[in-house]
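**Q** What follows is a single structure, and I will ask about it in a moment.
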Amino acid sequence: MKIGVYPGSFDPFTCGHMDVVRHASSLLDKVIVGVLVNSSKAPCFLMEERIEMINRAVRAEGLTNVETGRFEGLLVNYAHSVGAGYLIRGLRAVTDFDYEFQMAAMNSKIAPDICSVYFMAEPQHAYISSSIVKEIGRLGGPIDELVPEVNKSSIIERLTKS
């Protein structure tokens with residue numbers, strides 16, 4: 001079985017993230033969206049809220065081979081623990097490539113049995129990041145085409161309260 005882990009903080013889960021999940025799920029038997037526990041960051045959304053946002057979006061897309069999980073520590077250790085042979089990453093622009101290249105090289109050094117797989121963002125989502133969504137949302141701007149429809153109202157509600 002081909003299993004991949006798509007890691008991130010997903011704070012919040014965006015249409016760009018959904019693109020990557022959709023593409024990965026069409027090629028792999030199982031995709032695990034691994035939500036990173038990072039004690040050095042103060043996320044806008046609680047872990048449980050981020051996982052529920054991902055689950056709602058995945059259900060709305062009808063993807064039956066996608067599940068969520070949480071992890072902390074080394075990504076390759078988490079991948080091994082769930083039997084994954086692939087690390088799934090998204091690329092938005094050339095600026096992402098340098099960081100991703102370094103991460104792939106290090107992950108390959110630590111866990112040569114795990115392959116990094118990259119998906120280019122669809123052009124209409126290439127500029128979207130969770131940080132941009134939060135900034136626009138906090139300022140009352142439209143996030144309609146930036147986040148999955150099923151999550152839009154809960155994201156707007158949280159961001160406008162902050």
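Following the order of the structure tokens, first chain is A, next is B, and so on, with residues numbered from 1 inside each chain and ligands from 1 in the order they appear.
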For the alpha helix (DSSP H) assignment from backbone DSSP, which residues of chain A qualify? Please present them as a PyMOL selection string.

**A** chain A and resi 15-27+47-61+75-81+94-110+130-138+149-161

**Q** Running DSSP on the backbone, which parts of stretch 3-156 of chain A land in strand (DSSP E), as a JSON list (two decimals) with N, CA and C atoms, in the first residue's frame?

**A**
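File produced: result-v9.json:
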```json
[["chain", "number", "residue", "atom", "x", "y", "z"],
["A", 3, "ILE", "N", 1.42, 4.84, 1.03],
["A", 3, "ILE", "CA", 0.91, 5.77, 2.03],
["A", 3, "ILE", "C", 1.80, 7.01, 2.05],
["A", 4, "GLY", "N", 1.17, 8.17, 2.06],
["A", 4, "GLY", "CA", 1.91, 9.42, 2.14],
["A", 4, "GLY", "C", 1.44, 10.28, 3.30],
["A", 5, "VAL", "N", 2.36, 11.04, 3.85],
["A", 5, "VAL", "CA", 2.04, 12.01, 4.91],
["A", 5, "VAL", "C", 2.21, 13.40, 4.34],
["A", 6, "TYR", "N", 1.16, 14.20, 4.50],
["A", 6, "TYR", "CA", 1.20, 15.62, 4.11],
["A", 6, "TYR", "C", 1.26, 16.43, 5.40],
["A", 7, "PRO", "N", 2.45, 16.92, 5.78],
["A", 7, "PRO", "CA", 2.60, 17.60, 7.06],
["A", 7, "PRO", "C", 2.39, 19.11, 6.97],
["A", 8, "GLY", "N", 1.99, 19.69, 8.08],
["A", 8, "GLY", "CA", 1.89, 21.14, 8.15],
["A", 8, "GLY", "C", 1.17, 21.57, 9.41],
["A", 30, "LYS", "N", -3.34, 5.88, 0.36],
["A", 30, "LYS", "CA", -3.79, 6.58, 1.56],
["A", 30, "LYS", "C", -2.93, 7.81, 1.78],
["A", 31, "VAL", "N", -3.61, 8.90, 2.14],
["A", 31, "VAL", "CA", -2.93, 10.16, 2.49],
["A", 31, "VAL", "C", -3.31, 10.50, 3.92],
["A", 32, "ILE", "N", -2.30, 10.75, 4.72],
["A", 32, "ILE", "CA", -2.51, 11.18, 6.09],
["A", 32, "ILE", "C", -2.07, 12.64, 6.18],
["A", 33, "VAL", "N", -3.02, 13.52, 6.48],
["A", 33, "VAL", "CA", -2.70, 14.92, 6.68],
["A", 33, "VAL", "C", -2.25, 15.03, 8.13],
["A", 34, "GLY", "N", -0.94, 15.21, 8.31],
["A", 34, "GLY", "CA", -0.35, 15.25, 9.64],
["A", 34, "GLY", "C", -0.24, 16.67, 10.15],
["A", 35, "VAL", "N", -1.02, 16.99, 11.17],
["A", 35, "VAL", "CA", -1.02, 18.33, 11.75],
["A", 35, "VAL", "C", 0.07, 18.39, 12.81],
["A", 36, "LEU", "N", 0.99, 19.30, 12.60],
["A", 36, "LEU", "CA", 2.15, 19.45, 13.47],
["A", 36, "LEU", "C", 1.81, 20.13, 14.78],
["A", 66, "VAL", "N", -8.32, 9.62, 2.60],
["A", 66, "VAL", "CA", -7.59, 10.67, 3.32],
["A", 66, "VAL", "C", -8.03, 10.66, 4.78],
["A", 67, "GLU", "N", -7.06, 10.71, 5.67],
["A", 67, "GLU", "CA", -7.35, 10.81, 7.10],
["A", 67, "GLU", "C", -6.41, 11.85, 7.71],
["A", 68, "THR", "N", -6.70, 12.23, 8.94],
["A", 68, "THR", "CA", -5.86, 13.20, 9.63],
["A", 68, "THR", "C", -5.18, 12.55, 10.83],
["A", 69, "GLY", "N", -4.09, 13.16, 11.24],
["A", 69, "GLY", "CA", -3.37, 12.73, 12.43],
["A", 69, "GLY", "C", -2.62, 13.93, 12.98],
["A", 70, "ARG", "N", -2.06, 13.76, 14.14],
["A", 70, "ARG", "CA", -1.25, 14.83, 14.72],
["A", 70, "ARG", "C", 0.10, 14.24, 15.07],
["A", 71, "PHE", "N", 1.12, 15.10, 15.02],
["A", 71, "PHE", "CA", 2.46, 14.62, 15.36],
["A", 71, "PHE", "C", 3.31, 15.76, 15.88],
["A", 86, "TYR", "N", 6.07, 7.99, 1.70],
["A", 86, "TYR", "CA", 6.12, 9.25, 0.94],
["A", 86, "TYR", "C", 5.83, 10.43, 1.85],
["A", 87, "LEU", "N", 6.58, 11.51, 1.64],
["A", 87, "LEU", "CA", 6.30, 12.80, 2.26],
["A", 87, "LEU", "C", 5.75, 13.68, 1.17],
["A", 88, "ILE", "N", 4.59, 14.24, 1.40],
["A", 88, "ILE", "CA", 3.90, 15.05, 0.40],
["A", 88, "ILE", "C", 4.13, 16.52, 0.73],
["A", 89, "ARG", "N", 4.54, 17.27, -0.27],
["A", 89, "ARG", "CA", 4.77, 18.70, -0.08],
["A", 89, "ARG", "C", 4.18, 19.47, -1.26],
["A", 90, "GLY", "N", 3.80, 20.70, -1.00],
["A", 90, "GLY", "CA", 3.29, 21.57, -2.04],
["A", 90, "GLY", "C", 4.30, 22.66, -2.35],
["A", 91, "LEU", "N", 4.35, 23.03, -3.61],
["A", 91, "LEU", "CA", 5.22, 24.14, -4.04],
["A", 91, "LEU", "C", 4.34, 25.22, -4.65],
["A", 115, "CYS", "N", 10.42, 8.76, 0.43],
["A", 115, "CYS", "CA", 10.58, 9.61, -0.76],
["A", 115, "CYS", "C", 9.75, 10.89, -0.60],
["A", 116, "SER", "N", 10.34, 12.03, -0.92],
["A", 116, "SER", "CA", 9.60, 13.29, -0.93],
["A", 116, "SER", "C", 8.96, 13.49, -2.30],
["A", 117, "VAL", "N", 7.67, 13.83, -2.30],
["A", 117, "VAL", "CA", 6.90, 14.02, -3.53],
["A", 117, "VAL", "C", 6.32, 15.43, -3.49],
["A", 118, "TYR", "N", 6.43, 16.15, -4.60],
["A", 118, "TYR", "CA", 6.00, 17.55, -4.64],
["A", 118, "TYR", "C", 4.88, 17.75, -5.64],
["A", 119, "PHE", "N", 3.95, 18.61, -5.26],
["A", 119, "PHE", "CA", 2.85, 18.99, -6.13],
["A", 119, "PHE", "C", 2.87, 20.50, -6.29],
["A", 120, "MET", "N", 2.82, 20.93, -7.52],
["A", 120, "MET", "CA", 2.75, 22.37, -7.81],
["A", 120, "MET", "C", 1.33, 22.85, -7.52]]
```

**Q** Residues within 12 Å of A:Pro12, please, as a PyMOL selection string. Count only C-alpha atoms; anything in the same chain fewer than 4 positions from it doesn't count.

**A** chain A and resi 8+16-18+35+43-54+57+128-135+137+143+146-148+151-152+154-156+158-159

**Q** Ranking A:Ile114, A:Leu63, A:Val37, A:Ala126 by minimum distance to A:Gly85 and counting only C-alpha atoms, which one comes first?

**A**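 With only C-alpha atoms as the atom set, the closest residue is A:Ile114.
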
**Q** Using only C-alpha atoms, which of A:Cys15, A:Ala60, A:Ala84, A:Leu74 sits nearest A:Met1?

**A**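 Selected residue with least distance to A:Met1: A:Ala84.
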
**Q** Work out how far apart atom CA of A:Ala104 and atom CA of A:Glu122 are and give it in Å to one decimal.

**A**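 Between atom CA of A:Ala104 and atom CA of A:Glu122 the gap works out to 21.7 Å.
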
**Q** In Å, with one decimal, what is the gap from atom CA of A:Gly73 to atom CA of A:Arg56?

**A**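 Separation of atom CA of A:Gly73 and atom CA of A:Arg56: 26.0 Å.
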
**Q** Any idea what the distance is between atom CA of A:Ser108 and atom CA of A:His80?

**A** 13.0 Å
